[in-house]
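Undergrad: Below is the structure I would like to discuss, written out as C-alpha cells.
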Amino acid sequence: VYNYITDILENPTNKFADKYKKVKAEIVEGLFLNLLKDIFGEQAKYHISICEERGTKEHDILVEFNDYLLIAEVKASKVREPFFNPDKGYKRVRDHFNSDSGIGGAYEQAIILKKFIENKDVAVMYENKNYRFEIQNASTKKILPIVFTLNQFGGLAVNTSLILEKEDTQPYPWVCN
C-alpha cells in the first residue's frame with residue numbers, strides 16, 4: 001500500500017509531484033536533525049542547508065561536535081526494486097545507488113564538502129544558503145560522512161564497500177535509515 005500511494009504521489013505526470021517530493025525531503029531532514037539533536041544535545045552546533053559558496057552546492061546538515069565534523073546528507077527517495085533478471089536487476093540497483101537520490105550520490109555530496117573543509121584553518125561557508133559562518137581550526141577536525149535514508153537499502157547500506165566507488169584516501173560513509 002505504501003509503495004502504491006508513493007508511486008501515485010511521485011508520478012511525474014501529477015502536477016503536485018515535485019512539491020510532494022520537496023516537502024517529503026524537508027520533513028525527513030527535520031526528523032534526522034532532531035535525532036542528531038537528541039544524540040548530541042547542546043554540546044554540538046548544527047548547521048542546515050550548507051553551501052561552500054552563497055546559494056550553491058547545498059548540503060543538508062553539518063554538525064560540529066568536539067573535534068568532529070559530521071557531514072550528513074539526507075535522501076528521501078524510495079528504493080528502486082530490482083528486476084527478476086539478475087543482470088538487469090543489478091544494473092538498476094547500482095544505477096539508483098549511485099544516482100543523486102541514492103546513497104552513492106549522497107556520499108559524493110558529503111565528500112565534496114569534506115574536501116572543501118579539510119585543509120583550511122578557517123572554513124567559511126553559508127548556512128541556509130545565505131548566512132556566513134566559520135569553522136575555526138577546520139584542518140584539525142576529523143570529518144565523517146553520514147548518509148541518512150528514509151527507506152532501507154538493505155545490505156548495500158550495511159556494507160557500502162559492495163558497490164560504492166570511492167577514492168582510496170576517503171572514508172566509507174556511515175549509513176542509517
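Ordering of the C-alpha cells sets the chain letters (A, B, ...); residue numbers start at 1 within each chain; ligands are numbered from 1 in the order shown.
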Skip A:His47 itself and residues of its chain fewer than 6 positions away, then list as a ChimeraX atom specification all residues within 12 Å of it, counting only C-alpha atoms.
TA: /A:29-30,33,36-37,58-65,69-72,125-135
Undergrad: Please identify which residues in stretch 59-92 of chain A DSSP calls strand (DSSP E or B) from the backbone, and express them as a PyMOL selection string.
TA: chain A and resi 59-65+68-75
Undergrad: For atom CA of A:Lys141 and atom CA of A:Tyr68, quote the distance in Å rounded to one decimal.
TA: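 Straight-line distance from atom CA of A:Lys141 to atom CA of A:Tyr68 works out to 5.3 Å.
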Undergrad: When you draw a straight line from atom CA of A:Gln136 to atom CA of A:Lys45, how long is it in Å?
TA: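 Interatomic distance here is 12.7 Å.
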Undergrad: Which residues are near A:Gln109? Cut-off 10 Å, only C-alpha atoms, ignore same chain within fewer than 2 positions. Put them as an MDAnalysis selection string.
TA: chainID A and resid 57:60 71:73 100 103:107 111:114 145 147
Undergrad: Store the residues of this selection in a file with C-alpha atoms, as a tab-separated table (two decimals), in the first residue's frame.
TA:
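Result file again_20.tsv:
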chain	number	residue	atom	x	y	z
A	57	LYS	CA	26.03	23.34	-3.92
A	58	GLU	CA	23.68	22.78	-0.99
A	59	HIS	CA	24.45	20.17	1.69
A	60	ASP	CA	21.86	19.04	4.24
A	71	ILE	CA	28.52	15.87	7.23
A	72	ALA	CA	25.06	14.38	6.92
A	73	GLU	CA	23.30	14.06	3.58
A	100	ASP	CA	21.75	11.88	-6.99
A	103	ILE	CA	23.49	6.53	-1.12
A	104	GLY	CA	26.37	6.91	-3.59
A	105	GLY	CA	25.14	10.32	-4.71
A	106	ALA	CA	24.74	11.45	-1.09
A	107	TYR	CA	28.24	10.19	-0.31
A	111	ILE	CA	32.94	14.19	0.15
A	112	ILE	CA	32.75	17.44	-1.85
A	113	LEU	CA	32.12	19.36	1.39
A	114	LYS	CA	34.75	17.32	3.26
A	145	PRO	CA	30.45	11.47	6.02
A	147	VAL	CA	24.10	9.25	4.79
Undergrad: From a DSSP pass on the backbone, collect the residues of stretch 15-153 of chain A flagged as alpha helix (DSSP H) and hand them back as a PyMOL selection string.
TA: chain A and resi 17-40+86-98+103-117
Undergrad: How many Å lie between atom CA of A:Pro171 and atom CA of A:Ser99, rounded to one decimal?
TA: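 Atom CA of A:Ser99 lies 19.3 Å from atom CA of A:Pro171.
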Undergrad: Stretch 65-168 of chain A near stretch 10-25 of chain A within 10 Å: what's each residue's closest atom pair and its distance in Å to one decimal, counting only C-alpha atoms, ordered by chain then ascending residue number, as CSV?
TA:
residue,atom,partner,partner_atom,distance
A:Val74,CA,A:Ala25,CA,7.8
A:Lys75,CA,A:Ala25,CA,7.0
A:Ala76,CA,A:Ala25,CA,5.4
A:Ser77,CA,A:Lys21,CA,8.1
A:Lys78,CA,A:Glu10,CA,9.9
A:Leu150,CA,A:Ala25,CA,8.9
